[in-house]
$ cat final-v2.txt   # compact mmCIF, C-alpha atoms
# COMPACT_ATOMS: atom_id res chain seq x y z
CA MET A 310 13.04 13.99 -4.86
CA SER A 311 9.84 12.30 -3.75
CA LEU A 312 6.70 12.93 -5.78
CA ALA A 313 4.99 14.40 -2.71
CA ASN A 314 7.68 17.10 -2.46
CA LYS A 315 8.12 17.57 -6.21
CA TYR A 316 4.43 18.18 -6.76
CA ARG A 317 3.58 20.04 -3.55
CA PRO A 318 1.44 23.00 -4.69
CA LYS A 319 3.19 26.36 -4.74
CA THR A 320 0.02 28.42 -5.25
CA PHE A 321 -3.55 28.24 -4.02
CA GLU A 322 -4.69 27.67 -7.60
CA ASP A 323 -2.66 24.46 -7.77
CA MET A 324 -4.21 22.98 -4.64
CA THR A 325 -6.65 20.10 -4.97
CA GLU A 326 -10.06 21.10 -3.58
CA GLN A 327 -10.31 23.07 -0.27
CA ARG A 328 -11.89 25.87 -2.31
CA LEU A 329 -13.82 27.46 0.58
CA VAL A 330 -10.75 27.75 2.80
CA VAL A 331 -8.59 28.84 -0.11
CA ASP A 332 -10.99 31.61 -1.14
CA ILE A 333 -11.12 32.99 2.40
CA LEU A 334 -7.33 32.88 2.83
CA LYS A 335 -6.77 34.61 -0.51
CA LYS A 336 -9.08 37.47 0.52
CA MET A 337 -7.37 37.74 3.91
CA CYS A 338 -3.98 37.96 2.23
CA GLU A 339 -5.26 40.91 0.19
CA SER A 340 -6.45 42.81 3.25
CA GLU A 341 -4.88 44.21 6.40
CA LEU A 342 -4.65 41.36 8.89
CA SER A 343 -6.35 42.28 12.15
CA ASN A 344 -5.63 38.90 13.73
CA ARG A 345 -2.36 37.29 12.68
CA ASN A 346 -2.78 34.00 14.54
CA PHE A 347 -4.14 31.06 12.54
CA LEU A 348 -4.94 27.41 13.18
CA PHE A 349 -5.29 24.94 10.30
CA ILE A 350 -7.07 21.70 11.23
CA GLY A 351 -7.36 18.57 9.11
CA SER A 352 -6.35 14.98 8.52
CA ALA A 353 -2.82 14.11 7.43
CA GLY A 354 -1.92 15.14 3.91
CA VAL A 355 -4.89 17.39 3.10
CA GLY A 356 -2.88 20.61 2.67
CA LYS A 357 -2.49 22.26 6.07
CA THR A 358 1.23 22.96 5.88
CA THR A 359 1.02 23.63 2.15
CA SER A 360 -1.68 26.26 2.75
CA ALA A 361 0.41 27.83 5.49
CA ARG A 362 3.47 28.06 3.23
CA ILE A 363 1.47 29.51 0.34
CA MET A 364 -0.14 32.06 2.63
CA GLY A 365 3.27 33.08 3.97
CA ASN A 366 4.67 33.51 0.47
CA ILE A 367 1.72 35.64 -0.62
CA LEU A 368 1.89 37.88 2.44
CA ASN A 369 5.61 38.47 1.88
CA GLU A 370 5.43 38.56 -1.92
CA GLY A 371 7.92 35.71 -2.10
CA LYS A 372 10.48 37.51 0.05
CA GLY A 373 12.02 36.49 3.35
CA ASN A 374 12.21 33.09 4.97
CA ILE A 375 9.42 31.13 6.58
CA ILE A 376 10.39 29.75 9.98
CA GLU A 377 8.90 26.28 10.30
CA ILE A 378 9.22 23.79 13.13
CA ASP A 379 7.76 20.36 13.77
CA ALA A 380 6.34 20.38 17.28
CA ALA A 381 6.34 16.58 17.36
CA THR A 382 10.15 16.82 17.33
CA TYR A 383 10.60 20.09 19.22
CA SER A 384 7.85 20.04 21.84
CA GLY A 385 9.94 21.33 24.74
CA VAL A 386 9.43 24.77 26.19
CA GLU A 387 13.01 25.96 25.53
CA LYS A 388 12.70 25.53 21.76
CA ILE A 389 9.33 27.28 21.75
CA ARG A 390 10.70 30.15 23.82
CA GLU A 391 13.51 30.50 21.31
CA ILE A 392 10.99 30.75 18.46
CA LEU A 393 8.73 33.11 20.40
CA ALA A 394 11.64 35.45 21.09
CA GLN A 395 12.04 35.89 17.34
CA THR A 396 8.42 37.01 16.98
CA LYS A 397 9.20 40.14 18.98
CA THR A 398 11.64 41.54 16.43
CA TYR A 399 10.69 43.17 13.14
CA PRO A 400 11.37 41.41 9.83
CA ILE A 401 14.20 42.49 7.55
CA GLY A 402 13.58 42.49 3.82
CA SER A 403 9.96 41.34 4.07
CA LYS A 404 6.63 42.61 5.36
CA PHE A 405 6.07 39.86 7.95
CA LYS A 406 7.89 37.24 9.92
CA ILE A 407 6.06 33.99 9.20
CA PHE A 408 6.12 31.16 11.76
CA ILE A 409 4.59 27.75 11.02
CA ILE A 410 4.29 25.30 13.93
CA ASP A 411 3.35 21.91 12.50
CA GLU A 412 1.77 19.16 14.63
CA CYS A 413 1.23 21.81 17.29
CA HIS A 414 -0.92 19.46 19.40
CA ALA A 415 2.36 17.82 20.48
CA LEU A 416 3.48 20.93 22.38
CA SER A 417 3.90 20.55 26.13
CA PRO A 418 1.65 22.41 28.59
CA GLN A 419 4.62 24.64 29.45
CA SER A 420 5.08 25.47 25.77
CA TRP A 421 1.43 26.45 25.41
CA ALA A 422 1.69 28.64 28.47
CA ALA A 423 4.70 30.39 26.93
CA ALA A 424 2.88 30.85 23.63
CA LEU A 425 -0.27 32.30 25.16
CA LYS A 426 1.11 35.81 25.82
CA VAL A 427 2.57 36.03 22.30
CA LEU A 428 -0.73 35.00 20.72
CA GLU A 429 -2.55 37.59 22.81
CA GLU A 430 -0.30 40.45 21.75
CA SER A 431 0.59 39.53 18.12
CA PRO A 432 3.93 41.33 18.52
CA ALA A 433 5.85 43.30 15.89
CA ARG A 434 4.82 42.06 12.42
CA SER A 435 4.71 38.34 13.00
CA VAL A 436 2.22 35.82 11.62
CA ILE A 437 1.87 32.56 13.53
CA ILE A 438 0.24 29.61 11.78
CA LEU A 439 -0.46 26.48 13.80
CA CYS A 440 -1.24 23.18 12.05
CA THR A 441 -2.73 20.11 13.69
CA THR A 442 -4.50 16.81 13.14
CA ASN A 443 -5.69 16.74 16.77
CA PRO A 444 -7.36 20.03 17.75
CA GLU A 445 -8.92 18.43 20.84
CA LYS A 446 -5.44 18.47 22.41
CA ILE A 447 -5.09 22.23 22.09
CA PRO A 448 -5.99 24.30 25.19
CA ASP A 449 -9.19 26.37 25.00
CA THR A 450 -7.19 29.47 25.90
CA ILE A 451 -5.26 29.03 22.64
CA LEU A 452 -8.30 28.18 20.51
CA SER A 453 -9.97 31.43 21.54
CA ARG A 454 -7.03 33.46 20.25
CA VAL A 455 -6.63 32.04 16.75
CA GLN A 456 -8.63 32.06 13.54
CA THR A 457 -9.48 28.44 12.82
CA PHE A 458 -9.81 26.83 9.40
CA GLN A 459 -10.97 23.25 8.88
CA LEU A 460 -9.54 21.49 5.83
CA SER A 461 -11.57 18.52 4.63
CA LYS A 462 -10.36 15.18 3.37
CA ILE A 463 -9.77 15.20 -0.38
CA SER A 464 -12.35 13.34 -2.44
CA LEU A 465 -11.51 10.13 -4.26
CA ASP A 466 -12.05 11.85 -7.61
CA GLY A 467 -9.78 14.70 -6.55
CA ILE A 468 -6.95 12.35 -5.61
CA VAL A 469 -7.38 10.25 -8.77
CA SER A 470 -7.25 13.39 -10.92
CA ARG A 471 -4.07 14.62 -9.21
CA LEU A 472 -2.35 11.23 -9.50
CA LYS A 473 -3.06 11.13 -13.23
CA TYR A 474 -1.77 14.70 -13.56
CA VAL A 475 1.46 13.72 -11.80
CA ILE A 476 1.91 10.68 -14.05
CA ASP A 477 1.34 12.82 -17.15
CA CYS A 478 3.97 15.29 -15.94
CA GLU A 479 6.43 12.48 -15.24
CA ASN A 480 5.89 11.02 -18.71
CA LYS A 481 6.54 14.43 -20.28
CA GLU A 482 9.91 14.34 -18.53
CA GLY A 483 10.80 11.05 -20.21
CA ARG A 484 9.29 8.30 -18.11
CA HIS A 485 7.10 5.60 -19.63
CA ILE A 486 4.41 5.04 -17.03
CA THR A 487 1.25 3.19 -17.95
CA TYR A 488 -1.72 2.59 -15.69
CA THR A 489 -5.22 1.22 -15.42
CA ASP A 490 -7.97 3.34 -13.93
CA ASP A 491 -8.80 0.74 -11.29
CA ALA A 492 -5.16 0.70 -10.12
CA ILE A 493 -5.05 4.49 -9.72
CA ALA A 494 -8.38 4.34 -7.90
CA LEU A 495 -6.97 1.72 -5.52
CA ILE A 496 -3.97 3.92 -4.71
CA ALA A 497 -6.34 6.81 -4.09
CA LYS A 498 -8.62 4.78 -1.81
CA LEU A 499 -5.69 3.60 0.31
CA ALA A 500 -4.76 7.23 1.03
CA ASN A 501 -7.99 7.75 2.99
CA GLY A 502 -8.44 11.31 1.79
CA GLY A 503 -4.79 12.36 2.08
CA MET A 504 -2.96 13.61 -1.00
CA ARG A 505 0.51 13.16 0.46
CA ASP A 506 -0.08 9.49 1.28
CA SER A 507 -1.40 8.84 -2.22
CA LEU A 508 1.74 10.32 -3.79
CA THR A 509 3.97 8.40 -1.37
CA ASN A 510 2.21 5.19 -2.37
CA LEU A 511 2.52 6.09 -6.04
CA ASP A 512 6.28 6.50 -5.51
CA LYS A 513 6.45 2.99 -4.02
CA VAL A 514 4.44 1.48 -6.87
CA LEU A 515 6.63 3.15 -9.50
CA ALA A 516 9.76 1.85 -7.77
CA TYR A 517 8.29 -1.62 -8.25
CA SER A 518 7.05 -1.17 -11.82
CA GLU A 519 6.13 1.61 -14.21
CA GLU A 520 3.29 -0.60 -15.45
CA ILE A 521 0.66 0.21 -12.86
CA ASN A 522 -2.19 -2.28 -12.49
CA SER A 523 -4.05 -3.61 -9.47
CA GLU A 524 -1.69 -6.59 -9.18
CA SER A 525 1.43 -4.40 -9.13
CA VAL A 526 -0.16 -2.07 -6.57
CA VAL A 527 -0.93 -5.01 -4.27
CA SER A 528 2.62 -6.33 -4.60
CA ALA A 529 4.41 -2.98 -4.31
CA LEU A 530 2.46 -1.85 -1.25
CA ASN A 531 2.59 -5.29 0.37
CA LEU A 532 -1.18 -5.34 0.78
CA PRO A 533 -2.82 -8.28 2.54
CA SER A 534 -3.35 -11.50 0.64
CA TYR A 535 -6.93 -11.21 -0.51
CA ASP A 536 -6.65 -14.81 -1.67
CA ASP A 537 -6.36 -15.82 1.99
CA TYR A 538 -9.25 -13.50 2.92
CA PHE A 539 -11.47 -15.07 0.26
CA ALA A 540 -10.40 -18.55 1.36
CA MET A 541 -11.17 -17.80 5.01
CA LEU A 542 -14.58 -16.35 4.22
CA SER A 543 -15.40 -19.34 2.02
CA ALA A 544 -14.38 -21.77 4.76
CA ILE A 545 -16.55 -19.98 7.30
CA THR A 546 -19.60 -19.82 5.05
CA LYS A 547 -19.18 -23.52 4.22
CA HIS A 548 -18.71 -24.48 7.90
CA ASN A 549 -15.32 -26.03 7.05
CA ASN A 550 -13.53 -26.08 10.40
CA GLU A 551 -10.57 -27.98 9.01
CA LYS A 552 -9.91 -25.30 6.41
CA ILE A 553 -10.39 -22.57 9.01
CA THR A 554 -7.79 -24.24 11.21
CA ASP A 555 -5.33 -24.58 8.34
CA LEU A 556 -5.69 -20.89 7.43
CA VAL A 557 -5.35 -19.71 11.04
CA ASP A 558 -2.17 -21.76 11.40
CA LYS A 559 -0.85 -20.43 8.08
CA VAL A 560 -1.40 -16.81 9.04
CA TYR A 561 -0.03 -17.24 12.57
CA ASN A 562 3.11 -19.03 11.39
CA SER A 563 3.74 -16.56 8.56
CA GLY A 564 4.98 -14.00 11.08
CA VAL A 565 2.51 -11.26 10.13
CA ASN A 566 0.83 -9.25 12.86
CA PHE A 567 -2.01 -11.59 13.81
CA VAL A 568 -4.24 -8.82 15.16
CA LYS A 569 -3.68 -6.62 12.11
CA TRP A 570 -4.51 -9.55 9.83
CA PHE A 571 -7.89 -10.02 11.47
CA GLU A 572 -8.54 -6.28 11.48
CA GLY A 573 -7.92 -6.43 7.74
CA PHE A 574 -10.17 -9.47 7.44
CA HIS A 575 -12.95 -7.58 9.23
CA SER A 576 -12.58 -4.71 6.76
CA PHE A 577 -12.65 -7.22 3.91
CA VAL A 578 -15.91 -8.77 5.15
CA ILE A 579 -17.54 -5.35 5.39
CA ASN A 580 -16.42 -4.59 1.84
CA ILE A 581 -18.01 -7.86 0.71
CA VAL A 582 -21.29 -6.64 2.19
CA LYS A 583 -20.79 -3.33 0.43
CA TYR A 584 -20.30 -5.16 -2.87
CA ILE A 585 -23.43 -7.26 -2.29
CA GLN A 586 -25.45 -4.08 -1.85
CA LEU A 587 -23.90 -2.02 -4.66
CA LYS A 588 -22.74 -4.71 -7.14
CA ASP A 589 -19.70 -2.56 -7.95
CA ILE A 590 -16.19 -3.64 -6.90
CA SER A 591 -14.87 -0.14 -7.60
CA ARG A 592 -16.90 1.07 -4.61
CA THR A 593 -14.95 -1.26 -2.31
CA MET A 594 -11.33 -1.49 -1.14
CA ILE A 595 -10.90 -4.87 -2.84
CA PRO A 596 -8.62 -4.79 -5.93
CA ALA A 597 -10.42 -5.02 -9.27
CA HIS A 598 -8.69 -8.24 -10.38
CA TYR A 599 -10.73 -10.10 -7.76
CA VAL A 600 -14.00 -9.32 -9.54
CA ASP A 601 -14.60 -12.98 -10.47
CA LYS A 602 -14.28 -14.09 -6.86
CA ILE A 603 -16.32 -11.31 -5.33
CA SER A 604 -19.13 -11.67 -7.88
CA LYS A 605 -19.95 -15.08 -6.37
CA TYR A 606 -21.27 -13.37 -3.26
CA THR A 607 -24.96 -12.54 -3.40
CA GLU A 608 -27.69 -11.29 -1.11
CA ALA A 609 -27.87 -14.79 0.39
CA HIS A 610 -24.41 -14.20 1.95
CA SER A 611 -25.20 -10.80 3.42
CA ALA A 612 -26.60 -12.03 6.75
CA VAL A 613 -23.70 -14.37 7.51
CA CYS A 614 -21.17 -11.64 6.60
CA LEU A 615 -22.84 -9.13 8.90
CA ARG A 616 -22.94 -11.68 11.71
CA LEU A 617 -19.31 -12.54 11.09
CA SER A 618 -18.33 -8.87 11.24
CA GLN A 619 -19.69 -8.65 14.78
CA VAL A 620 -17.78 -11.79 15.76
CA LEU A 621 -14.58 -10.37 14.28
CA LEU A 622 -14.90 -7.15 16.28
CA LYS A 623 -15.00 -9.19 19.49
CA LEU A 624 -12.21 -11.47 18.26
CA VAL A 625 -9.83 -8.59 17.53
CA HIS A 626 -10.47 -7.18 21.01
CA GLU A 627 -9.73 -10.56 22.61
CA LEU A 628 -6.59 -11.13 20.52
CA LYS A 629 -5.01 -7.94 21.85
CA GLY A 630 -5.03 -9.29 25.39
CA THR A 631 -4.08 -12.95 25.08
CA ASN A 632 -0.97 -15.05 24.55
CA TYR A 633 -3.08 -17.82 23.00
CA GLN A 634 -4.04 -16.12 19.78
CA GLN A 635 -4.46 -19.22 17.62
CA GLU A 636 -6.70 -20.91 20.14
CA VAL A 637 -8.83 -17.80 20.67
CA ALA A 638 -9.20 -17.28 16.92
CA LEU A 639 -10.33 -20.87 16.39
CA THR A 640 -12.79 -20.61 19.28
CA TYR A 641 -14.49 -17.61 17.68
CA LEU A 642 -14.35 -18.69 14.04
CA CYS A 643 -15.34 -22.32 14.44
CA GLU A 644 -18.13 -21.31 16.80
CA THR A 645 -19.38 -18.95 14.08
CA THR A 646 -19.93 -21.88 11.73
CA LYS A 647 -22.48 -23.37 14.11
CA ARG A 648 -24.77 -20.35 14.10
$ encode --input "final-v2.txt" --output "structure tokens"
Amino acid sequence: MSLANKYRPKTFEDMTEQRLVVDILKKMCESELSNRNFLFIGSAGVGKTTSARIMGNILNEGKGNIIEIDAATYSGVEKIREILAQTKTYPIGSKFKIFIIDECHALSPQSWAAALKVLEESPARSVIILCTTNPEKIPDTILSRVQTFQLSKISLDGIVSRLKYVIDCENKEGRHITYTDDAIALIAKLANGGMRDSLTNLDKVLAYSEEINSESVVSALNLPSYDDYFAMLSAITKHNNEKITDLVDKVYNSGVNFVKWFEGFHSFVINIVKYIQLKDISRTMIPAHYVDKISKYTEAHSAVCLRLSQVLLKLVHELKGTNYQQEVALTYLCETTKR
């Protein structure tokens, strides 16, 4: 079983953060529901579906089955009509019938039209919980008929704390996982506020090695070669067109996605600027074992990095629409050295 499934919270108390939403939902579960249509909004992996499942279990005191569908897979009107037909019958053996429609923004216009009447009437004793990462795709007629809750991204500290908790639990079960704080922080940063992604990445790292450090994280997750990023930035700041050409050829011929590589390089340059301002590699996305290299960049490099970041934004845009990626890259990067 994946760590994300194994350690999915079963109670509101076990959830990481989201205290405001959790407190409101707990109070609603203790009262008579006047409106039984809910919409949970938030980025991937922040607890939308988990909250919906917990709410369903509380309302039914652990009895009955929760009916859950993924609208990204079943977006057609016939499947939705089938689900909606079930909302019109009373539950057996539980207080409510609980329906969770995940990724509901993927529903077709016909499906939304079919759902509208059911949401208006709240038939029988059914509770409908919609979950989405894209609320802007939901019709206004639906939004006006649901109680909406916004779940925030989980803080870096919150993710780090949960990852360490999971590792401690795994070690109690007989594993021998060791880790450095900077490695756990890197895994947490890469999740971009999503708990599920952080646990998925932790699974990948543990499959590679139970000795977790920044080097093993970079290898296990196949992160970009920061050595190449540092080499490219050095060549640009030193106006070394020959080195720039060699690196562009190396990246292009390696078979990696050329556009993605330069998007990553742009992010890297911005993180260099961030380091220059804060003097703390832990506040960047750059792995801690590069501290010796990054510490060579000072305030004197800030202007060229900021200028380069603007050039890279234009370069990435151009690369997406050309068949001559190497030539375009060299045009932008070698031109930068003249400024």
$ closest_residue --input "final-v2.txt" --among "A:Ala353, A:Ile410, A:Val427, A:Val436" --to "A:Ala380" --atoms "only C-alpha atoms"
A:Ile410
$ atom_distance --input "final-v2.txt" --atom1 "atom CA of A:Leu368" --atom2 "atom CA of A:Tyr399"
14.8 Å
$ atom_distance --input "final-v2.txt" --atom1 "atom CA of A:Gly502" --atom2 "atom CA of A:Lys462"
4.6 Å
$ closest_atom_pairs --input "final-v2.txt" --of "stretch 496-592 of chain A" --to "stretch 465-478 of chain A" --cutoff "7 Å" --atoms "all atoms listed in the file" --output "CSV"
residue,atom,partner,partner_atom,distance
A:Ala497,CA,A:Ile468,CA,5.8
A:Lys498,CA,A:Leu465,CA,6.6
A:Gly502,CA,A:Leu465,CA,6.9
A:Met504,CA,A:Ile468,CA,6.2
$ atom_distance --input "final-v2.txt" --atom1 "atom CA of A:Leu628" --atom2 "atom CA of A:Val568"
6.3 Å
$ residues_around --input "final-v2.txt" --residues "stretch 314-320 of chain A" --least-positions-apart "4" --cutoff "7 Å" --atoms "only C-alpha atoms" --output "PyMOL selection string"
chain A and resi 310+324+359+363
$ residues_near_point --input "final-v2.txt" --point "(-3.2, 38.6, 14.6)" --cutoff "12 Å" --atoms "only C-alpha atoms" --output "PyMOL selection string"
chain A and resi 337+341-348+396+405+407+427-438+454-456
$ closest_residue --input "final-v2.txt" --among "A:Phe571, A:Phe539, A:Tyr641, A:Tyr517" --to "A:Lys605" --atoms "only C-alpha atoms"
A:Phe539
$ residues_around --input "final-v2.txt" --residues "A:Asp589" --least-positions-apart "4" --cutoff "10 Å" --atoms "all atoms listed in the file" --output "PyMOL selection string"
chain A and resi 583-585+593+597+600+603-604
$ closest_residue --input "final-v2.txt" --among "A:Ile463, A:Val613, A:Thr607, A:Ser403" --to "A:Arg505" --atoms "only C-alpha atoms"
A:Ile463
$ closest_residue --input "final-v2.txt" --among "A:Leu617, A:Ile375, A:Cys643, A:Val526" --to "A:Asp491" --atoms "all atoms listed in the file"
A:Val526
$ closest_residue --input "final-v2.txt" --among "A:Val625, A:Ala422, A:Leu334, A:Ile401" --to "A:Ile389" --atoms "all atoms listed in the file"
A:Ala422
$ closest_residue --input "final-v2.txt" --among "A:His485, A:Lys547, A:Lys336, A:Lys552" --to "A:Glu520" --atoms "all atoms listed in the file"
A:His485
$ residues_around --input "final-v2.txt" --residues "A:Asp379" --least-positions-apart "3" --cutoff "7 Å" --atoms "all atoms listed in the file" --output "list in words"
Thr382, Tyr383, Ile410, Asp411 and Glu412 of chain A
$ residues_around --input "final-v2.txt" --residues "stretch 414-416 of chain A" --least-positions-apart "5" --cutoff "12 Å" --atoms "all atoms listed in the file" --output "compact mmCIF listing (two decimals) with C-alpha atoms, in the coordinates of the input"
# COMPACT_ATOMS: atom_id res chain seq x y z
CA LEU A 348 -4.94 27.41 13.18
CA PHE A 349 -5.29 24.94 10.30
CA ILE A 350 -7.07 21.70 11.23
CA ILE A 378 9.22 23.79 13.13
CA ASP A 379 7.76 20.36 13.77
CA ALA A 380 6.34 20.38 17.28
CA ALA A 381 6.34 16.58 17.36
CA THR A 382 10.15 16.82 17.33
CA TYR A 383 10.60 20.09 19.22
CA SER A 384 7.85 20.04 21.84
CA GLY A 385 9.94 21.33 24.74
CA VAL A 386 9.43 24.77 26.19
CA GLU A 387 13.01 25.96 25.53
CA LYS A 388 12.70 25.53 21.76
CA ILE A 389 9.33 27.28 21.75
CA ARG A 390 10.70 30.15 23.82
CA TRP A 421 1.43 26.45 25.41
CA ALA A 422 1.69 28.64 28.47
CA ALA A 423 4.70 30.39 26.93
CA ALA A 424 2.88 30.85 23.63
CA LEU A 439 -0.46 26.48 13.80
CA CYS A 440 -1.24 23.18 12.05
CA THR A 441 -2.73 20.11 13.69
CA THR A 442 -4.50 16.81 13.14
CA ASN A 443 -5.69 16.74 16.77
CA PRO A 444 -7.36 20.03 17.75
CA GLU A 445 -8.92 18.43 20.84
CA LYS A 446 -5.44 18.47 22.41
CA ILE A 447 -5.09 22.23 22.09
CA PRO A 448 -5.99 24.30 25.19
CA ILE A 451 -5.26 29.03 22.64
CA LEU A 452 -8.30 28.18 20.51
$ residues_around --input "final-v2.txt" --residues "A:Glu608" --least-positions-apart "2" --cutoff "8 Å" --atoms "all atoms listed in the file" --output "PyMOL selection string"
chain A and resi 585-586+606+610-612
$ decode --input "final-v2.txt" --residues "stretch 516-528 of chain A" --atoms "N, CA, C and O atoms" --output "PDB file, in the first residue's frame"
ATOM      1  N   ALA A 516      12.016   3.837  -2.062  1.00  0.00           N
ATOM      2  CA  ALA A 516      12.262   2.719  -2.976  1.00  0.00           C
ATOM      3  C   ALA A 516      13.697   2.748  -3.486  1.00  0.00           C
ATOM      4  O   ALA A 516      14.276   1.710  -3.819  1.00  0.00           O
ATOM      5  N   TYR A 517      14.275   3.938  -3.514  1.00  0.00           N
ATOM      6  CA  TYR A 517      15.664   4.107  -3.963  1.00  0.00           C
ATOM      7  C   TYR A 517      16.645   3.826  -2.830  1.00  0.00           C
ATOM      8  O   TYR A 517      17.641   3.114  -3.019  1.00  0.00           O
ATOM      9  N   SER A 518      16.345   4.370  -1.644  1.00  0.00           N
ATOM     10  CA  SER A 518      17.225   4.180  -0.495  1.00  0.00           C
ATOM     11  C   SER A 518      16.508   4.593   0.776  1.00  0.00           C
ATOM     12  O   SER A 518      15.758   5.577   0.787  1.00  0.00           O
ATOM     13  N   GLU A 519      16.738   3.834   1.849  1.00  0.00           N
ATOM     14  CA  GLU A 519      16.156   4.213   3.130  1.00  0.00           C
ATOM     15  C   GLU A 519      17.068   5.171   3.889  1.00  0.00           C
ATOM     16  O   GLU A 519      16.752   5.581   5.007  1.00  0.00           O
ATOM     17  N   GLU A 520      18.167   5.552   3.269  1.00  0.00           N
ATOM     18  CA  GLU A 520      19.022   6.617   3.796  1.00  0.00           C
ATOM     19  C   GLU A 520      18.695   7.876   2.996  1.00  0.00           C
ATOM     20  O   GLU A 520      19.176   8.059   1.881  1.00  0.00           O
ATOM     21  N   ILE A 521      17.878   8.729   3.586  1.00  0.00           N
ATOM     22  CA  ILE A 521      17.366   9.884   2.860  1.00  0.00           C
ATOM     23  C   ILE A 521      18.261  11.095   3.103  1.00  0.00           C
ATOM     24  O   ILE A 521      18.374  11.593   4.223  1.00  0.00           O
ATOM     25  N   ASN A 522      18.910  11.556   2.044  1.00  0.00           N
ATOM     26  CA  ASN A 522      19.662  12.803   2.086  1.00  0.00           C
ATOM     27  C   ASN A 522      19.368  13.550   0.790  1.00  0.00           C
ATOM     28  O   ASN A 522      18.668  13.032  -0.090  1.00  0.00           O
ATOM     29  N   SER A 523      19.880  14.752   0.662  1.00  0.00           N
ATOM     30  CA  SER A 523      19.522  15.549  -0.515  1.00  0.00           C
ATOM     31  C   SER A 523      20.002  14.890  -1.809  1.00  0.00           C
ATOM     32  O   SER A 523      19.328  14.974  -2.844  1.00  0.00           O
ATOM     33  N   GLU A 524      21.139  14.197  -1.755  1.00  0.00           N
ATOM     34  CA  GLU A 524      21.634  13.511  -2.958  1.00  0.00           C
ATOM     35  C   GLU A 524      20.702  12.380  -3.371  1.00  0.00           C
ATOM     36  O   GLU A 524      20.399  12.210  -4.564  1.00  0.00           O
ATOM     37  N   SER A 525      20.225  11.594  -2.404  1.00  0.00           N
ATOM     38  CA  SER A 525      19.343  10.476  -2.751  1.00  0.00           C
ATOM     39  C   SER A 525      17.990  10.973  -3.234  1.00  0.00           C
ATOM     40  O   SER A 525      17.361  10.353  -4.100  1.00  0.00           O
ATOM     41  N   VAL A 526      17.528  12.106  -2.703  1.00  0.00           N
ATOM     42  CA  VAL A 526      16.267  12.682  -3.170  1.00  0.00           C
ATOM     43  C   VAL A 526      16.394  13.114  -4.627  1.00  0.00           C
ATOM     44  O   VAL A 526      15.514  12.839  -5.454  1.00  0.00           O
ATOM     45  N   VAL A 527      17.497  13.787  -4.949  1.00  0.00           N
ATOM     46  CA  VAL A 527      17.725  14.238  -6.325  1.00  0.00           C
ATOM     47  C   VAL A 527      17.769  13.050  -7.280  1.00  0.00           C
ATOM     48  O   VAL A 527      17.160  13.072  -8.361  1.00  0.00           O
ATOM     49  N   SER A 528      18.452  11.991  -6.884  1.00  0.00           N
ATOM     50  CA  SER A 528      18.571  10.806  -7.744  1.00  0.00           C
ATOM     51  C   SER A 528      17.240  10.074  -7.877  1.00  0.00           C
ATOM     52  O   SER A 528      16.823   9.704  -8.982  1.00  0.00           O
TER      53      SER A 528
END
